[in-house]
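Chemist: One structure, as structure tokens, below. Some questions next.
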Amino acid sequence: MLESVGALTGSPWIYAVVALSVLFDVFLPVLPSGVLVIMSATAAAAAGTGRVPHNVPDILLLTLSAATASVLGDMAAFRLAWRGGERLERAIARSRRLTSAQAKLGAALSRGGGILFVIARFAPAGRSIVSLGAGAAHRRLRDFLPWSVLAGLAWAGYSVALGYFGGQWLGATWLATGVSALALVAAGAGAAFLVRRPAATAGS
């Protein structure tokens with residue numbers, strides 16, 4: 001694997017590429033930011049083996065790049081939704097999913113239970129829903145930002161750990177990347193279930 005993607009993972013630009021991917025996937029959830037983080041961390045697992053003909057990413061810098069970009073993306077979506085006015089509110093009102101997510105997020109943040117935000121960070125499009133929902137509901141930044149930071153660190157740390165330890169156990173191969181990516185998808189499915197569960201319970 002490293003021979004195929006070494007030009008990217010062995011370059012300092014990998015941090016910028018990861019950061020941009022994570023930054024923009026709040027608006028384009030189809031971007032493979034998680035897979036890119038895992039791939040880079042898997043390459044980093046080869047450090048010190050003597051089998052790598054080029055540099056590999058630094059684990060700490062990779063984690064900080066992904067986490068910082070995650071928070072900056074959250075803030076951009078939050079501010080955009082805050083200033084979106086009635087047009088965005090009408091768009092949210094037309095979506096049952098967005099309306100439900102906005103209501104749950106508001107209740108969670110008002111109770112100091114922003115752990116919902118952290119869980120939603122792992123769910124598909126969950127980050128987009130809660131960031132835009134919080135901004136559209138004009139939640140206070142001081143209530144939103146700490147949970148965004150915690151969510152970004154948790155997601156980045158988990159993704160990097162998956163790639164790194166997968167590379168340690170299975171070698172810096174496409175198999176390690178694939179297994180780690182599947183673990184990230186499984187975490188996303190579990191997070192989506194947990195986020196939806198309160199609504200399902202309330203409606204029963």
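Chain identifiers are assigned as A, B, and so on, following the order in which chains appear in the structure tokens; residues are numbered from 1 within each chain, and ligands are numbered from 1 in order of appearance.
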Do a neighbour search on Tyr15 of chain A at 9 Å with only C-alpha atoms, toss out local chain neighbours closer than 2 positions, and write the hits as a list of chain:residue names.
Modeler: A:Thr9, A:Ser11, A:Pro12, A:Trp13, A:Val17, A:Val18, A:Ala19, A:Leu20, A:Pro57, A:Leu61, A:Leu62, A:Ser65, A:Ala66
Chemist: Keeping only all heavy atoms, write the selected residues to a file as a CSV table (one decimal), in the first residue's frame.
Modeler:
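This is the output file again_3.csv:
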```
chain,number,residue,atom,x,y,z
A,9,THR,N,1.2,10.1,1.4
A,9,THR,CA,1.4,10.0,2.8
A,9,THR,C,2.8,10.3,3.2
A,9,THR,O,3.1,10.6,4.4
A,9,THR,CB,1.2,8.5,3.2
A,9,THR,OG1,2.0,7.6,2.5
A,9,THR,CG2,-0.3,8.1,3.0
A,11,SER,N,4.4,12.9,2.2
A,11,SER,CA,4.6,14.4,2.0
A,11,SER,C,4.0,15.2,3.1
A,11,SER,O,3.0,14.8,3.7
A,11,SER,CB,4.0,14.8,0.6
A,11,SER,OG,3.9,16.2,0.6
A,12,PRO,N,4.6,16.3,3.5
A,12,PRO,CA,4.0,17.2,4.5
A,12,PRO,C,2.6,17.6,4.1
A,12,PRO,O,1.8,18.1,5.0
A,12,PRO,CB,5.0,18.3,4.6
A,12,PRO,CG,6.3,17.8,4.1
A,12,PRO,CD,5.9,16.8,3.1
A,13,TRP,N,2.3,17.6,2.8
A,13,TRP,CA,1.0,18.0,2.3
A,13,TRP,C,-0.1,17.1,2.8
A,13,TRP,O,-1.3,17.5,2.7
A,13,TRP,CB,1.0,18.1,0.8
A,13,TRP,CG,1.7,19.3,0.3
A,13,TRP,CD1,3.0,19.3,-0.3
A,13,TRP,CD2,1.3,20.7,0.3
A,13,TRP,NE1,3.4,20.6,-0.6
A,13,TRP,CE2,2.4,21.4,-0.3
A,13,TRP,CE3,0.2,21.3,0.7
A,13,TRP,CZ2,2.3,22.8,-0.5
A,13,TRP,CZ3,0.1,22.7,0.6
A,13,TRP,CH2,1.1,23.4,0.0
A,17,VAL,N,-4.1,18.0,3.2
A,17,VAL,CA,-5.1,17.2,2.5
A,17,VAL,C,-6.2,16.7,3.5
A,17,VAL,O,-7.4,16.8,3.3
A,17,VAL,CB,-4.5,16.1,1.7
A,17,VAL,CG1,-5.6,15.2,1.1
A,17,VAL,CG2,-3.6,16.7,0.6
A,18,VAL,N,-5.7,16.1,4.6
A,18,VAL,CA,-6.6,15.6,5.6
A,18,VAL,C,-7.4,16.7,6.2
A,18,VAL,O,-8.6,16.5,6.3
A,18,VAL,CB,-5.7,14.9,6.7
A,18,VAL,CG1,-6.6,14.6,8.0
A,18,VAL,CG2,-5.2,13.6,6.2
A,19,ALA,N,-6.8,17.8,6.5
A,19,ALA,CA,-7.5,18.9,7.1
A,19,ALA,C,-8.6,19.4,6.2
A,19,ALA,O,-9.7,19.7,6.6
A,19,ALA,CB,-6.5,20.0,7.5
A,20,LEU,N,-8.3,19.6,4.9
A,20,LEU,CA,-9.3,20.1,4.0
A,20,LEU,C,-10.4,19.2,3.8
A,20,LEU,O,-11.6,19.6,3.7
A,20,LEU,CB,-8.6,20.4,2.6
A,20,LEU,CG,-7.7,21.7,2.6
A,20,LEU,CD1,-7.0,21.8,1.2
A,20,LEU,CD2,-8.5,22.9,2.9
A,57,PRO,N,3.5,9.8,8.0
A,57,PRO,CA,2.9,10.9,8.8
A,57,PRO,C,3.2,10.7,10.3
A,57,PRO,O,3.3,9.6,10.8
A,57,PRO,CB,1.4,10.8,8.5
A,57,PRO,CG,1.3,10.0,7.2
A,57,PRO,CD,2.5,9.1,7.2
A,61,LEU,N,0.6,14.9,14.9
A,61,LEU,CA,0.2,16.0,14.0
A,61,LEU,C,-1.0,15.6,13.1
A,61,LEU,O,-1.9,16.4,12.9
A,61,LEU,CB,1.4,16.3,13.0
A,61,LEU,CG,2.6,17.0,13.6
A,61,LEU,CD1,3.7,17.2,12.6
A,61,LEU,CD2,2.1,18.4,14.2
A,62,LEU,N,-1.1,14.3,12.8
A,62,LEU,CA,-2.3,13.8,12.0
A,62,LEU,C,-3.5,14.0,12.9
A,62,LEU,O,-4.6,14.5,12.4
A,62,LEU,CB,-2.0,12.4,11.7
A,62,LEU,CG,-3.1,11.7,10.8
A,62,LEU,CD1,-3.3,12.4,9.5
A,62,LEU,CD2,-2.8,10.2,10.6
A,65,SER,N,-4.4,17.7,13.2
A,65,SER,CA,-4.9,18.3,12.0
A,65,SER,C,-6.3,17.9,11.8
A,65,SER,O,-7.2,18.8,11.4
A,65,SER,CB,-4.1,17.7,10.8
A,65,SER,OG,-2.7,18.2,10.9
A,66,ALA,N,-6.7,16.6,12.0
A,66,ALA,CA,-8.0,16.2,11.8
A,66,ALA,C,-9.0,16.8,12.8
A,66,ALA,O,-10.1,17.2,12.5
A,66,ALA,CB,-8.1,14.7,11.9
```
Chemist: Counting only C-alpha atoms, what is within 12 Å of Val160 of chain A, bar same-chain residues fewer than 4 positions away, as a PyMOL selection string?
Modeler: chain A and resi 18+33-45+57-67+152-156+164-167+177+180-181+183-184
Chemist: Can those selected residues be exported to a file as a PDB file, in the first residue's frame so that it contains C-alpha atoms?
Modeler:
```
ATOM      1  CA  VAL A  18      -6.563  15.568   5.603  1.00  0.00           C
ATOM      2  CA  SER A  33     -12.282  12.078   5.239  1.00  0.00           C
ATOM      3  CA  GLY A  34     -12.438   9.186   7.703  1.00  0.00           C
ATOM      4  CA  VAL A  35     -10.891   6.761   5.234  1.00  0.00           C
ATOM      5  CA  LEU A  36      -8.146   9.276   4.433  1.00  0.00           C
ATOM      6  CA  VAL A  37      -7.312   9.690   8.125  1.00  0.00           C
ATOM      7  CA  ILE A  38      -7.234   5.905   8.571  1.00  0.00           C
ATOM      8  CA  MET A  39      -5.055   5.424   5.489  1.00  0.00           C
ATOM      9  CA  SER A  40      -2.558   8.001   6.740  1.00  0.00           C
ATOM     10  CA  ALA A  41      -2.478   6.480  10.224  1.00  0.00           C
ATOM     11  CA  THR A  42      -1.984   3.011   8.736  1.00  0.00           C
ATOM     12  CA  ALA A  43       1.017   4.346   6.822  1.00  0.00           C
ATOM     13  CA  ALA A  44       2.323   5.877  10.059  1.00  0.00           C
ATOM     14  CA  ALA A  45       2.291   2.416  11.640  1.00  0.00           C
ATOM     15  CA  PRO A  57       2.894  10.904   8.825  1.00  0.00           C
ATOM     16  CA  ASP A  58       3.389  11.843  12.453  1.00  0.00           C
ATOM     17  CA  ILE A  59       0.548  10.431  14.568  1.00  0.00           C
ATOM     18  CA  LEU A  60       0.216  13.475  16.832  1.00  0.00           C
ATOM     19  CA  LEU A  61       0.227  15.975  13.958  1.00  0.00           C
ATOM     20  CA  LEU A  62      -2.262  13.845  12.049  1.00  0.00           C
ATOM     21  CA  THR A  63      -4.627  13.733  15.030  1.00  0.00           C
ATOM     22  CA  LEU A  64      -4.328  17.468  15.660  1.00  0.00           C
ATOM     23  CA  SER A  65      -4.872  18.271  11.971  1.00  0.00           C
ATOM     24  CA  ALA A  66      -8.039  16.176  11.799  1.00  0.00           C
ATOM     25  CA  ALA A  67      -9.411  17.422  15.129  1.00  0.00           C
ATOM     26  CA  GLY A 152     -13.496  16.467  17.061  1.00  0.00           C
ATOM     27  CA  LEU A 153     -10.845  15.052  19.368  1.00  0.00           C
ATOM     28  CA  ALA A 154     -12.824  11.868  19.989  1.00  0.00           C
ATOM     29  CA  TRP A 155     -13.466  11.251  16.297  1.00  0.00           C
ATOM     30  CA  ALA A 156      -9.925  12.093  15.210  1.00  0.00           C
ATOM     31  CA  TYR A 164      -2.441   2.925  13.454  1.00  0.00           C
ATOM     32  CA  PHE A 165      -3.219  -0.219  15.434  1.00  0.00           C
ATOM     33  CA  GLY A 166      -4.697  -1.872  12.366  1.00  0.00           C
ATOM     34  CA  GLY A 167      -1.385  -1.236  10.640  1.00  0.00           C
ATOM     35  CA  THR A 177      -7.033   0.032   5.942  1.00  0.00           C
ATOM     36  CA  SER A 180     -10.106  -0.224  10.115  1.00  0.00           C
ATOM     37  CA  ALA A 181     -12.548   1.544   7.787  1.00  0.00           C
ATOM     38  CA  ALA A 183     -14.666  -0.539  12.218  1.00  0.00           C
ATOM     39  CA  LEU A 184     -15.284   3.177  11.641  1.00  0.00           C
TER      40      LEU A 184
END
```
Chemist: Contacts of Ala76 of chain A at 12 Å or less, counting only C-alpha atoms, minus same-chain residues fewer than 3 places along, as an MDAnalysis selection string?
Modeler: chainID A and resid 23:27 69:73 79:84 127:128 131:132 134:135 141 145 148
Chemist: May I have the residues within 7 Å of Val118 of chain A as a ChimeraX atom specification, using only C-alpha atoms and disregarding those fewer than 4 positions away in the same chain?
Modeler: /A:147,150-151
Chemist: So what do you get for atom CA of Pro124 of chain A versus atom CA of Gly171 of chain A, distance-wise?
Modeler: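 Computing the Euclidean distance for atom CA of Pro124 of chain A and atom CA of Gly171 of chain A yields 27.9 Å.
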Chemist: With distances taken over only C-alpha atoms, which of A:Phe193, A:Tyr158, A:Trp169, A:Phe78 is nearest to Val130 of chain A?
Modeler: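 Among A:Phe193, A:Tyr158, A:Trp169, A:Phe78, it is A:Phe78 that comes nearest to Val130 of chain A.
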Chemist: Mind giving me the straight-line distance from atom CA of Leu194 of chain A to atom CA of Ile119 of chain A in Å, one decimal?
Modeler: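 For atom CA of Leu194 of chain A relative to atom CA of Ile119 of chain A, the distance reads 7.7 Å.
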Chemist: If you measure from atom CA of Ala192 of chain A to atom CA of Gly157 of chain A, what distance in Å do you get, rounded to one decimal?
Modeler: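 These two atoms are separated by 19.1 Å.
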Chemist: Which one of A:Met75, A:Ile129, A:Ile115, A:Leu170 sits closest to Ala46 of chain A if you count only C-alpha atoms?
Modeler: A:Leu170
